[in-house]
Structure formats: structure tokens, C-alpha cells
file final-v4.txt (compact mmCIF, C-alpha atoms and all ligand atoms)
# COMPACT_ATOMS: atom_id res chain seq x y z
CA MET Q 1 0.00 0.00 0.00
CA ALA Q 2 1.18 3.53 -0.77
CA PRO Q 3 2.79 5.43 2.09
CA PRO Q 4 0.70 8.14 3.73
CA SER Q 5 0.92 11.46 1.89
CA ARG Q 6 2.21 14.07 4.27
CA LYS Q 7 2.10 17.22 2.21
CA ARG Q 8 3.61 20.31 3.71
CA PRO Q 9 0.62 22.56 4.39
CA ASP Q 10 1.13 26.13 3.21
CA ARG Q 11 -1.36 27.58 5.70
CA PRO Q 12 -1.35 27.34 9.49
CA ALA Q 13 -3.25 24.51 11.19
CA ARG Q 14 -6.38 25.61 13.02
CA SER Q 15 -7.35 24.28 16.39
CA VAL Q 16 -10.84 23.47 17.73
CA THR Q 17 -12.35 21.77 20.77
CA VAL Q 18 -15.22 19.29 20.86
CA VAL Q 19 -18.31 20.62 22.65
CA GLY Q 20 -20.64 17.72 21.87
CA ALA Q 21 -20.79 14.33 20.15
CA ARG Q 22 -23.86 12.18 19.55
CA ARG Q 23 -24.96 9.29 17.36
CA LEU Q 24 -27.31 10.37 14.57
CA THR Q 25 -27.60 6.74 13.45
CA PRO Q 26 -25.68 3.54 14.30
CA ASP Q 27 -23.17 4.53 11.54
CA LEU Q 28 -23.02 8.31 11.80
CA VAL Q 29 -21.68 10.46 14.65
CA ARG Q 30 -22.23 14.22 14.78
CA VAL Q 31 -19.39 16.14 16.41
CA GLU Q 32 -19.74 19.83 17.28
CA PHE Q 33 -16.57 21.89 17.54
CA THR Q 34 -15.86 25.37 18.85
CA GLY Q 35 -12.82 27.65 18.85
CA GLU Q 36 -11.67 31.17 18.04
CA ASP Q 37 -9.78 29.82 15.00
CA LEU Q 38 -13.16 29.26 13.29
CA VAL Q 39 -13.52 33.05 12.84
CA ALA Q 40 -10.70 32.94 10.28
CA LEU Q 41 -12.75 30.67 8.01
CA GLY Q 42 -14.90 33.66 7.01
CA GLU Q 43 -18.47 33.28 5.79
CA LEU Q 44 -18.67 29.95 3.94
CA GLU Q 45 -20.57 30.22 0.64
CA PHE Q 46 -20.62 26.63 -0.70
CA THR Q 47 -22.36 23.48 0.50
CA ASP Q 48 -19.46 21.07 -0.12
CA HIS Q 49 -16.90 22.87 2.05
CA TYR Q 50 -14.47 20.45 3.62
CA VAL Q 51 -11.56 20.47 6.05
CA LYS Q 52 -8.49 18.26 6.34
CA LEU Q 53 -8.39 16.99 9.91
CA LEU Q 54 -4.86 16.34 11.21
CA PHE Q 55 -4.09 13.06 13.00
CA PRO Q 56 -0.88 11.76 14.55
CA PRO Q 57 -0.15 8.57 12.56
CA PRO Q 58 -0.51 5.21 14.37
CA GLY Q 59 2.40 4.76 16.76
CA ALA Q 60 3.30 8.48 16.90
CA ASP Q 61 4.64 9.65 20.24
CA TYR Q 62 2.68 12.90 20.35
CA THR Q 63 -0.98 13.89 20.50
CA TRP Q 64 -3.12 17.02 20.07
CA PRO Q 65 -2.41 19.90 20.38
CA PHE Q 66 0.74 19.81 18.25
CA GLU Q 67 2.54 22.17 15.90
CA PRO Q 68 2.74 20.46 12.50
CA ALA Q 69 5.69 22.63 11.40
CA ARG Q 70 7.68 21.72 14.50
CA ILE Q 71 6.88 18.02 14.10
CA ARG Q 72 8.11 18.08 10.53
CA GLU Q 73 11.31 19.77 11.66
CA GLN Q 74 11.98 17.50 14.60
CA LEU Q 75 10.54 14.06 13.79
CA PRO Q 76 11.11 11.56 10.98
CA ARG Q 77 8.68 11.55 8.05
CA GLU Q 78 6.72 8.51 9.25
CA GLN Q 79 5.71 10.50 12.35
CA TRP Q 80 4.35 13.51 10.43
CA PRO Q 81 0.62 14.15 10.83
CA VAL Q 82 -1.75 12.55 8.31
CA THR Q 83 -4.96 14.09 7.03
CA ARG Q 84 -8.57 12.91 6.78
CA THR Q 85 -11.08 14.92 4.75
CA TYR Q 86 -14.51 15.88 6.17
CA THR Q 87 -17.41 18.02 4.97
CA ILE Q 88 -18.48 20.94 7.10
CA ARG Q 89 -22.12 19.97 7.68
CA ALA Q 90 -22.97 23.28 9.35
CA PHE Q 91 -21.06 26.40 10.29
CA ASP Q 92 -21.96 29.37 12.49
CA ARG Q 93 -19.14 31.87 12.53
CA ALA Q 94 -20.79 34.21 15.05
CA ALA Q 95 -21.31 31.34 17.52
CA ARG Q 96 -17.89 29.80 16.64
CA ARG Q 97 -19.51 26.47 15.86
CA MET Q 98 -18.59 23.86 13.22
CA THR Q 99 -20.49 20.60 12.79
CA ILE Q 100 -19.06 17.48 11.14
CA ASP Q 101 -20.87 14.17 10.65
CA PHE Q 102 -18.48 11.20 10.68
CA VAL Q 103 -19.18 7.73 9.33
CA VAL Q 104 -18.10 5.20 11.94
CA HIS Q 105 -17.04 2.10 10.04
CA GLY Q 106 -15.55 -0.22 12.63
CA ASP Q 107 -12.14 -0.18 14.24
CA ALA Q 108 -10.13 0.50 11.07
CA GLY Q 109 -8.73 3.93 10.37
CA LEU Q 110 -8.13 7.10 12.31
CA ALA Q 111 -11.05 9.47 11.93
CA GLY Q 112 -13.90 6.97 12.28
CA PRO Q 113 -12.63 5.51 15.57
CA TRP Q 114 -11.70 8.99 16.82
CA ALA Q 115 -15.26 10.24 16.20
CA ALA Q 116 -16.82 7.16 17.80
CA ALA Q 117 -15.00 8.03 21.04
CA ALA Q 118 -15.09 11.86 20.78
CA ALA Q 119 -16.08 13.69 23.97
CA PRO Q 120 -16.33 17.34 25.09
CA GLY Q 121 -12.90 18.83 25.67
CA ASP Q 122 -11.12 16.77 22.98
CA VAL Q 123 -8.85 18.87 20.78
CA MET Q 124 -8.73 18.55 16.97
CA GLN Q 125 -6.71 20.40 14.36
CA PHE Q 126 -7.35 20.97 10.69
CA MET Q 127 -6.32 22.68 7.48
CA GLY Q 128 -8.72 24.39 5.10
CA PRO Q 129 -11.49 24.84 4.19
CA GLY Q 130 -11.68 23.85 0.52
CA GLY Q 131 -14.73 23.29 -1.68
CA GLY Q 132 -16.55 25.09 -4.42
CA TRP Q 133 -19.95 23.57 -5.27
CA GLY Q 134 -23.43 24.64 -4.30
CA PRO Q 135 -26.92 24.22 -5.76
CA ASP Q 136 -27.58 26.29 -8.89
CA PRO Q 137 -30.78 28.36 -8.52
CA ALA Q 138 -31.09 28.41 -12.35
CA ALA Q 139 -31.34 24.60 -12.65
CA ASP Q 140 -34.71 22.90 -13.24
CA VAL Q 141 -33.81 20.03 -10.96
CA HIS Q 142 -30.94 18.71 -8.82
CA LEU Q 143 -29.87 15.08 -8.73
CA LEU Q 144 -28.09 14.45 -5.42
CA VAL Q 145 -26.46 11.06 -4.87
CA GLY Q 146 -24.20 9.66 -2.17
CA ASP Q 147 -23.39 7.01 0.39
CA GLU Q 148 -23.09 7.79 4.10
CA SER Q 149 -19.86 9.78 3.58
CA ALA Q 150 -21.73 12.22 1.33
CA ILE Q 151 -24.89 12.53 3.43
CA PRO Q 152 -23.47 15.67 5.12
CA ALA Q 153 -22.79 17.39 1.77
CA VAL Q 154 -26.16 16.34 0.31
CA ALA Q 155 -27.99 17.49 3.46
CA ALA Q 156 -26.15 20.84 3.32
CA ALA Q 157 -27.15 21.22 -0.35
CA LEU Q 158 -30.80 20.54 0.52
CA ASP Q 159 -30.63 23.17 3.27
CA ALA Q 160 -29.48 25.71 0.65
CA LEU Q 161 -32.12 24.98 -2.02
CA PRO Q 162 -34.81 27.63 -2.63
CA GLU Q 163 -38.29 26.67 -1.37
CA GLY Q 164 -39.70 25.93 -4.86
CA ALA Q 165 -36.75 23.87 -6.07
CA ARG Q 166 -37.02 20.31 -7.40
CA ALA Q 167 -34.54 17.66 -6.31
CA LEU Q 168 -34.21 13.90 -6.69
CA VAL Q 169 -32.05 12.41 -3.94
CA HIS Q 170 -30.65 8.87 -3.75
CA LEU Q 171 -28.79 8.02 -0.54
CA GLU Q 172 -27.30 4.63 0.31
CA VAL Q 173 -27.22 3.46 3.92
CA ARG Q 174 -26.88 0.04 5.48
CA ASP Q 175 -30.53 -0.30 6.49
CA ALA Q 176 -33.50 1.77 7.66
CA ALA Q 177 -31.73 2.64 10.93
CA GLY Q 178 -29.14 4.58 8.87
CA GLN Q 179 -31.65 7.11 7.51
CA VAL Q 180 -31.34 10.66 8.82
CA PRO Q 181 -33.95 13.43 8.82
CA LEU Q 182 -33.55 15.75 5.82
CA ARG Q 183 -35.11 19.10 4.99
CA ASP Q 184 -38.65 18.63 3.75
CA LEU Q 185 -39.40 20.47 0.50
CA PRO Q 186 -42.51 20.11 -1.68
CA GLY Q 187 -40.35 19.40 -4.77
CA LEU Q 188 -38.09 16.86 -3.07
CA ALA Q 189 -38.13 13.10 -3.70
CA VAL Q 190 -35.82 11.05 -1.47
CA ASN Q 191 -34.97 7.45 -2.27
CA TRP Q 192 -33.23 5.68 0.64
CA VAL Q 193 -31.31 2.73 -0.78
CA HIS Q 194 -30.53 -0.08 1.68
CA ARG Q 195 -27.16 -1.73 1.05
CA GLY Q 196 -27.59 -4.68 3.38
CA ASP Q 197 -24.65 -7.02 2.75
CA ALA Q 198 -24.00 -5.83 -0.81
CA ALA Q 199 -20.75 -4.08 -1.80
CA TYR Q 200 -20.62 -0.34 -1.02
CA GLY Q 201 -22.17 1.72 -3.79
CA ARG Q 202 -23.53 -1.12 -5.95
CA PRO Q 203 -27.18 -0.80 -4.82
CA LEU Q 204 -26.90 2.99 -5.07
CA ALA Q 205 -25.62 2.98 -8.66
CA ALA Q 206 -28.33 0.45 -9.60
CA ALA Q 207 -31.03 2.63 -8.01
CA VAL Q 208 -29.88 5.76 -9.84
CA ARG Q 209 -29.86 3.87 -13.15
CA ALA Q 210 -33.30 2.36 -12.47
CA ALA Q 211 -34.82 5.77 -11.67
CA GLY Q 212 -33.19 7.44 -14.70
CA LEU Q 213 -32.34 11.09 -15.06
CA PRO Q 214 -34.98 13.57 -13.93
CA GLU Q 215 -36.60 15.63 -16.72
CA GLY Q 216 -35.21 19.10 -17.42
CA ASP Q 217 -31.96 20.96 -17.05
CA VAL Q 218 -30.19 18.84 -14.39
CA ARG Q 219 -27.36 19.70 -12.02
CA ALA Q 220 -25.87 16.62 -10.37
CA PHE Q 221 -23.82 16.10 -7.21
CA VAL Q 222 -22.56 12.52 -6.89
CA HIS Q 223 -20.00 11.50 -4.24
CA GLY Q 224 -19.01 8.48 -2.21
CA GLU Q 225 -17.21 5.18 -2.82
CA ALA Q 226 -14.95 5.24 -5.89
CA GLU Q 227 -16.41 2.27 -7.81
CA MET Q 228 -19.91 3.73 -7.51
CA VAL Q 229 -18.51 6.97 -8.91
CA ARG Q 230 -16.90 5.09 -11.82
CA ASP Q 231 -20.26 3.51 -12.67
CA LEU Q 232 -22.28 6.71 -12.37
CA ARG Q 233 -19.78 8.77 -14.38
CA ARG Q 234 -20.42 6.36 -17.22
CA PHE Q 235 -24.19 6.65 -16.68
CA LEU Q 236 -24.10 10.46 -16.70
CA PHE Q 237 -21.39 11.33 -19.21
CA VAL Q 238 -21.33 8.39 -21.65
CA GLU Q 239 -24.85 6.99 -21.60
CA ASN Q 240 -26.77 10.25 -21.08
CA GLY Q 241 -24.40 12.89 -22.45
CA VAL Q 242 -24.76 15.18 -19.43
CA PRO Q 243 -22.26 18.08 -19.85
CA LYS Q 244 -19.39 17.78 -17.38
CA ASP Q 245 -19.85 21.34 -16.15
CA ARG Q 246 -23.31 20.40 -14.83
CA VAL Q 247 -21.91 17.70 -12.56
CA SER Q 248 -19.83 17.54 -9.38
CA ILE Q 249 -18.67 13.92 -9.07
CA SER Q 250 -15.75 12.35 -7.20
CA GLY Q 251 -14.71 9.41 -5.09
CA TYR Q 252 -14.65 10.46 -1.44
CA TRP Q 253 -13.06 7.13 -0.45
CA ARG Q 254 -12.29 3.70 -1.87
CA ALA Q 255 -13.19 0.39 -0.24
CA GLY Q 256 -10.07 -1.49 0.90
CA LEU Q 257 -7.82 1.62 0.91
CA ASN Q 258 -7.28 4.17 3.62
CA GLU Q 259 -7.37 7.85 2.67
CA ASP Q 260 -3.61 7.99 2.13
CA GLY Q 261 -3.75 5.03 -0.26
CA TRP Q 262 -6.80 6.38 -2.10
CA GLN Q 263 -5.45 9.91 -2.48
CA SER Q 264 -2.04 8.76 -3.69
CA GLY Q 265 -3.57 6.45 -6.33
CA LYS Q 266 -6.52 8.67 -7.27
CA GLN Q 267 -4.89 10.32 -10.28
CA GLU Q 268 -4.04 6.96 -11.83
CA PHE Q 269 -7.52 5.58 -11.02
CA MET Q 270 -9.14 8.60 -12.67
CA ALA Q 271 -6.91 8.33 -15.74
CA GLY Q 272 -8.14 4.72 -16.13
CA VAL Q 273 -11.78 5.78 -15.65
CA GLU Q 274 -11.48 8.55 -18.26
CA ALA Q 275 -9.79 6.19 -20.75
CA GLU Q 276 -12.66 3.68 -20.29
CA GLU Q 277 -15.18 6.46 -20.88
CA ALA Q 278 -13.41 7.61 -24.03
CA ARG Q 279 -13.39 4.02 -25.38
CA ALA Q 280 -17.07 3.55 -24.50
CA ALA Q 281 -18.00 6.85 -26.17
CA ARG Q 282 -16.26 5.73 -29.44
CA SER Q 283 -17.86 2.28 -29.56
C1 LIG Q 301 -14.22 16.19 -0.01
C2 LIG Q 301 -14.51 15.01 0.93
C3 LIG Q 301 -15.48 15.14 1.90
C4 LIG Q 301 -15.77 14.06 2.76
N1 LIG Q 301 -16.72 14.24 3.72
C5 LIG Q 301 -16.97 13.23 4.60
C6 LIG Q 301 -17.91 13.40 5.66
O1 LIG Q 301 -18.50 14.49 5.84
N2 LIG Q 301 -18.14 12.35 6.51
C7 LIG Q 301 -17.48 11.16 6.35
O2 LIG Q 301 -17.70 10.23 7.16
N3 LIG Q 301 -16.58 10.96 5.36
C8 LIG Q 301 -16.30 11.98 4.50
N4 LIG Q 301 -15.37 11.80 3.52
C9 LIG Q 301 -14.74 10.48 3.38
C10 LIG Q 301 -13.60 10.29 4.39
O3 LIG Q 301 -12.58 11.24 4.16
C11 LIG Q 301 -13.03 8.86 4.20
O4 LIG Q 301 -14.04 7.91 4.41
C12 LIG Q 301 -11.82 8.58 5.07
O5 LIG Q 301 -11.12 7.49 4.47
C13 LIG Q 301 -12.16 8.20 6.52
O6 LIG Q 301 -10.98 8.11 7.26
P1 LIG Q 301 -10.74 7.01 8.41
O7 LIG Q 301 -9.50 7.44 9.13
O8 LIG Q 301 -11.99 6.82 9.19
O9 LIG Q 301 -10.46 5.67 7.61
P2 LIG Q 301 -9.16 5.31 6.74
O10 LIG Q 301 -7.97 5.18 7.61
O11 LIG Q 301 -9.03 6.29 5.62
O12 LIG Q 301 -9.56 3.87 6.15
C14 LIG Q 301 -9.54 2.69 6.95
C15 LIG Q 301 -10.42 1.61 6.30
O13 LIG Q 301 -11.80 2.03 6.37
C16 LIG Q 301 -12.39 2.07 5.08
N5 LIG Q 301 -13.33 3.20 5.01
C17 LIG Q 301 -13.00 4.52 4.90
N6 LIG Q 301 -14.12 5.27 4.85
C18 LIG Q 301 -15.15 4.40 4.92
C19 LIG Q 301 -16.56 4.58 4.91
N7 LIG Q 301 -17.15 5.78 4.78
N8 LIG Q 301 -17.34 3.48 5.03
C20 LIG Q 301 -16.78 2.24 5.13
N9 LIG Q 301 -15.45 2.02 5.15
C21 LIG Q 301 -14.65 3.09 5.06
C22 LIG Q 301 -11.21 2.23 4.12
O14 LIG Q 301 -11.50 1.74 2.81
C23 LIG Q 301 -10.13 1.42 4.81
O15 LIG Q 301 -10.27 0.05 4.51
C24 LIG Q 301 -15.06 12.85 2.64
C25 LIG Q 301 -14.05 12.73 1.67
C26 LIG Q 301 -13.78 13.80 0.82
C27 LIG Q 301 -12.68 13.67 -0.22

call {"tool": "encode", "arguments": {"input": "final-v4.txt", "output": "C-alpha cells", "more": "lines below"}}
Ligand SMILES: Cc1cc2nc3c(=O)[nH]c(=O)nc-3n(C[C@H](O)[C@H](O)[C@H](O)COP(=O)(O)OP(=O)(O)OC[C@H]3O[C@@H](n4cnc5c(N)ncnc54)[C@H](O)[C@@H]3O)c2cc1C
result
Amino acid sequence: MAPPSRKRPDRPARSVTVVGARRLTPDLVRVEFTGEDLVALGELEFTDHYVKLLFPPPGADYTWPFEPARIREQLPREQWPVTRTYTIRAFDRAARRMTIDFVVHGDAGLAGPWAAAAAPGDVMQFMGPGGGWGPDPAADVHLLVGDESAIPAVAAALDALPEGARALVHLEVRDAAGQVPLRDLPGLAVNWVHRGDAAYGRPLAAAVRAAGLPEGDVRAFVHGEAEMVRDLRRFLFVENGVPKDRVSISGYWRAGLNEDGWQSGKQEFMAGVEAEEARAARS
């Protein structure tokens, strides 16, 4: 497996403290953070804003709070902090509050287990935010698709839609207990897809294909497990000719790889996906 990427951040790390943590579902934990550093994030304008949380790698002999620059100066590369990417589900600059919903997916990994055990007073550090997508008020309809990792971004997009907007939402969760309350809009249709024991993303991709594209000028937001994204890119771009500038689509994670492994192989994976699409478009 590829070594963790430990890029040198060009901006300072920000520090926050947990004020609350609670289970939204058996697989999703909501963590609320506070801290003066949140003021520097400004007023966030997009619904897919994300931060890169900083974790000491397994076996590191330091914990939060730490100074990433000092660690990189003083410790060997394998001890440098690693990052995990998370959507800002909600942000209130005046109240200095940031909300992140974490998928808890067993004992593997850093962020999932950290969130499962998070408690008031815990310190976390992060870089960012990044992001740049939000619902388009000019669109006839939005198609919003994701697994649990993208529920926060889809829910934030729904919160930002105008009252009269139309949206078709497909969200994959393990079973009915994984469903979360979403904003209720008259023009909203939500299809909860239950994965059960199937591979991540397969039932979701099948459900999106079975429902077909909604009528009208569509804007799509599709994120989650990488193989699901591969399948739905083909559905959108090759089979339905949706213009790429109408779609935000990317693999948030890949089954069997940690974030370091996924991020370091993502470019190659995407080159393969685009080559497949080009071949399919010619045939
Ligand atoms: C822009 C962006 C925004 C994201 N927003 C969110 C968010 O708001 N909430 C969220 O939970 N995730 C989000 N993710 C996905 C998250 O970054 C990854 O799931 C990350 O790998 C989790 O880190 P970890 O330390 O828990 O597990 P890792 O150490 O990265 O992985 C350990 C093992 O767990 C598996 N794994 C990782 N994620 C999942 C999962 N979701 N379900 C099942 N198995 C998994 C891996 O394949 C690996 O086998 C986002 C990703 C991106 C790129």
C-alpha cells in the first residue's frame, strides 16, 4: 500500500475543541466543535466545504495539540501528521460552531474511531477549508447522490435549495436505521437505498440507473465510494451525455484503501476511468 501522503501545508493549522458528540444513526456520529480559530474561516458560501483533519499517525509519540511545522522539523517523516477529509455539515461563525458528521465504520482507520470516542474537551486540528460547489438556482432540478460519507454534503445542499426547487435524492445506507432526517421540500423526492450485505455503492448505482435522469436541465452532485462513482460517471457522461460542467462527481473514499492510499492512487484511477469512458464513447 502507498505510504501516507504528508504534504507540507502552506497555511497554518487551526485548532478546535469538541463541545458535543452524539450518534445520529448507528453509523453516523455528529461532532460539534468550537474555537476562536473558526472566525478565520470567514463566511462559507458553498455546500461542499471540507476540512483536512490532522491526525498523529498510528504509533506516533505525540498527541493534540501539536505544531505540525515543528513536528516536521523535529521528527522523521513517518511520524508527520496525516490528514482525513470531512465536509463541514454546518457552520456558524458568530457562535464559533462547526459541525461534522463522521461515518463510523468499525475499528479500522483514524477518523472513524476517533469520532466514535469523541467527547467534550477533545482537541482537533485541521487545514482548510476547501470546496466550491453549491446548488444552482437556475437549474430545473438537482440530482443528489451519495453514500453515508456524502450525506453531510447532500444534506447541506438541501438546506441551501430555494423553497420551490425540485430535487431527486438517492442516498445509500446500510438499512432503515441509517436514515437521517432531511429538509422537507414540496419538490423533493428522497430514495433511501438499503445496502444490506452488498458491496458499497452497488445498490446505489443500480437505483440511480433504475430511476433514470430527472426531466429538465439537471445539475448533479454525486459523491461516495470510488467504484460507484466510476459507474455513475459512465451513466451520466457516456450513456446520457450530461455536460461535465453540470456535474460535481468524485470518489470520497475507496473500499479497501485508507485515505492515504486512495489519495495517492486517485490520479491513476481517474486516468483509467477517463480512458474507459473515451473508449465507450467511441464504440
Ligand atoms: C471532499 C470530501 C469530503 C468528505 N466528507 C466526509 C464526511 O463528511 N463524513 C465522512 O464520514 N466521510 C467523508 N469523507 C470520506 C472520508 O474522508 C473517508 O471515508 C476517510 O477514508 C475516513 O478516514 P478514516 O481514518 O476513518 O479511515 P481510513 O484510515 O481512511 O480507512 C480505513 C479503512 O476504512 C475504510 N473506510 C473509509 N471510509 C469508509 C466509509 N465511509 N465506510 C466504510 N469504510 C470506510 C477504508 O477503505 C479502509 O479500509 C469525505 C471525503 C472527501 C474527499

call {"tool": "atom_distance", "arguments": {"input": "final-v4.txt", "atom1": "atom CA of Val169 of chain Q", "atom2": "atom CA of Val29 of chain Q"}}
result
21.4 Å

call {"tool": "residues_around", "arguments": {"input": "final-v4.txt", "residues": "Lys266 of chain Q", "least_positions_apart": "3", "cutoff": "12 Å", "atoms": "only C-alpha atoms", "output": "number ranges by chain"}}
result
Q: 2, 226-227, 230, 250-254, 257-263, 269-273

call {"tool": "residues_near_ligand", "arguments": {"input": "final-v4.txt", "ligand": "ligand LIG 301 (chain Q)", "cutoff": "9 Å", "atoms": "only C-alpha atoms and all ligand atoms", "output": "PyMOL selection string"}}
result
chain Q and resi 27-29+48-52+55+83-89+100-115+130-131+147-153+200+223-225+250-263

call {"tool": "write_last_selection", "arguments": {"input": "final-v4.txt", "atoms": "C-alpha atoms", "output": "CSV table (one decimal), keeping the file's coordinate frame"}}
result
chain,number,residue,atom,x,y,z
Q,27,ASP,CA,-23.2,4.5,11.5
Q,28,LEU,CA,-23.0,8.3,11.8
Q,29,VAL,CA,-21.7,10.5,14.6
Q,48,ASP,CA,-19.5,21.1,-0.1
Q,49,HIS,CA,-16.9,22.9,2.0
Q,50,TYR,CA,-14.5,20.4,3.6
Q,51,VAL,CA,-11.6,20.5,6.0
Q,52,LYS,CA,-8.5,18.3,6.3
Q,55,PHE,CA,-4.1,13.1,13.0
Q,83,THR,CA,-5.0,14.1,7.0
Q,84,ARG,CA,-8.6,12.9,6.8
Q,85,THR,CA,-11.1,14.9,4.8
Q,86,TYR,CA,-14.5,15.9,6.2
Q,87,THR,CA,-17.4,18.0,5.0
Q,88,ILE,CA,-18.5,20.9,7.1
Q,89,ARG,CA,-22.1,20.0,7.7
Q,100,ILE,CA,-19.1,17.5,11.1
Q,101,ASP,CA,-20.9,14.2,10.6
Q,102,PHE,CA,-18.5,11.2,10.7
Q,103,VAL,CA,-19.2,7.7,9.3
Q,104,VAL,CA,-18.1,5.2,11.9
Q,105,HIS,CA,-17.0,2.1,10.0
Q,106,GLY,CA,-15.6,-0.2,12.6
Q,107,ASP,CA,-12.1,-0.2,14.2
Q,108,ALA,CA,-10.1,0.5,11.1
Q,109,GLY,CA,-8.7,3.9,10.4
Q,110,LEU,CA,-8.1,7.1,12.3
Q,111,ALA,CA,-11.0,9.5,11.9
Q,112,GLY,CA,-13.9,7.0,12.3
Q,113,PRO,CA,-12.6,5.5,15.6
Q,114,TRP,CA,-11.7,9.0,16.8
Q,115,ALA,CA,-15.3,10.2,16.2
Q,130,GLY,CA,-11.7,23.8,0.5
Q,131,GLY,CA,-14.7,23.3,-1.7
Q,147,ASP,CA,-23.4,7.0,0.4
Q,148,GLU,CA,-23.1,7.8,4.1
Q,149,SER,CA,-19.9,9.8,3.6
Q,150,ALA,CA,-21.7,12.2,1.3
Q,151,ILE,CA,-24.9,12.5,3.4
Q,152,PRO,CA,-23.5,15.7,5.1
Q,153,ALA,CA,-22.8,17.4,1.8
Q,200,TYR,CA,-20.6,-0.3,-1.0
Q,223,HIS,CA,-20.0,11.5,-4.2
Q,224,GLY,CA,-19.0,8.5,-2.2
Q,225,GLU,CA,-17.2,5.2,-2.8
Q,250,SER,CA,-15.8,12.4,-7.2
Q,251,GLY,CA,-14.7,9.4,-5.1
Q,252,TYR,CA,-14.6,10.5,-1.4
Q,253,TRP,CA,-13.1,7.1,-0.4
Q,254,ARG,CA,-12.3,3.7,-1.9
Q,255,ALA,CA,-13.2,0.4,-0.2
Q,256,GLY,CA,-10.1,-1.5,0.9
Q,257,LEU,CA,-7.8,1.6,0.9
Q,258,ASN,CA,-7.3,4.2,3.6
Q,259,GLU,CA,-7.4,7.8,2.7
Q,260,ASP,CA,-3.6,8.0,2.1
Q,261,GLY,CA,-3.8,5.0,-0.3
Q,262,TRP,CA,-6.8,6.4,-2.1
Q,263,GLN,CA,-5.4,9.9,-2.5

call {"tool": "residues_around", "arguments": {"input": "final-v4.txt", "residues": "Glu239 of chain Q", "least_positions_apart": "6", "cutoff": "10 Å", "atoms": "all atoms listed in the file", "output": "ChimeraX atom specification"}}
result
/Q:232-233,277,280-281

call {"tool": "closest_residue", "arguments": {"input": "final-v4.txt", "among": "Q:Ala206, Q:Leu75, Q:Val180, Q:Val82", "to": "Gln125 of chain Q", "atoms": "all atoms listed in the file"}}
result
Q:Val82

call {"tool": "residues_around", "arguments": {"input": "final-v4.txt", "residues": "segment 12-14 of chain Q", "least_positions_apart": "6", "cutoff": "6 Å", "atoms": "all atoms listed in the file", "output": "JSON, numbers by chain"}}
result
{"Q": [37, 125, 126, 127]}

call {"tool": "closest_residue", "arguments": {"input": "final-v4.txt", "among": "Q:Phe46, Q:Tyr62, Q:Phe235, Q:Trp80", "to": "Val222 of chain Q", "atoms": "all atoms listed in the file"}}
result
Q:Phe235

call {"tool": "atom_distance", "arguments": {"input": "final-v4.txt", "atom1": "atom CA of Leu54 of chain Q", "atom2": "atom CA of Ala155 of chain Q"}}
result
24.4 Å

call {"tool": "closest_residue", "arguments": {"input": "final-v4.txt", "among": "Q:Ala207, Q:Ala90, Q:Val218, Q:Ala165", "to": "Lys244 of chain Q", "atoms": "all atoms listed in the file"}}
result
Q:Val218

call {"tool": "residues_around", "arguments": {"input": "final-v4.txt", "residues": "Asp140 of chain Q", "least_positions_apart": "3", "cutoff": "12 Å", "atoms": "all atoms listed in the file", "output": "JSON, numbers by chain"}}
result
{"Q": [135, 136, 137, 143, 161, 162, 164, 165, 166, 167, 168, 187, 214, 215, 216, 217, 218, 219, 220, 246]}

call {"tool": "atom_distance", "arguments": {"input": "final-v4.txt", "atom1": "atom CA of Ala275 of chain Q", "atom2": "atom CA of Gly146 of chain Q"}}
result
23.8 Å

call {"tool": "closest_residue", "arguments": {"input": "final-v4.txt", "among": "Q:Glu32, Q:Val173, Q:Arg183, Q:Gly134", "to": "Pro203 of chain Q", "atoms": "all atoms listed in the file"}}
result
Q:Val173

call {"tool": "closest_residue", "arguments": {"input": "final-v4.txt", "among": "Q:Gly178, Q:Val18, Q:Ala189, Q:Arg282", "to": "His142 of chain Q", "atoms": "only C-alpha atoms"}}
result
Q:Ala189
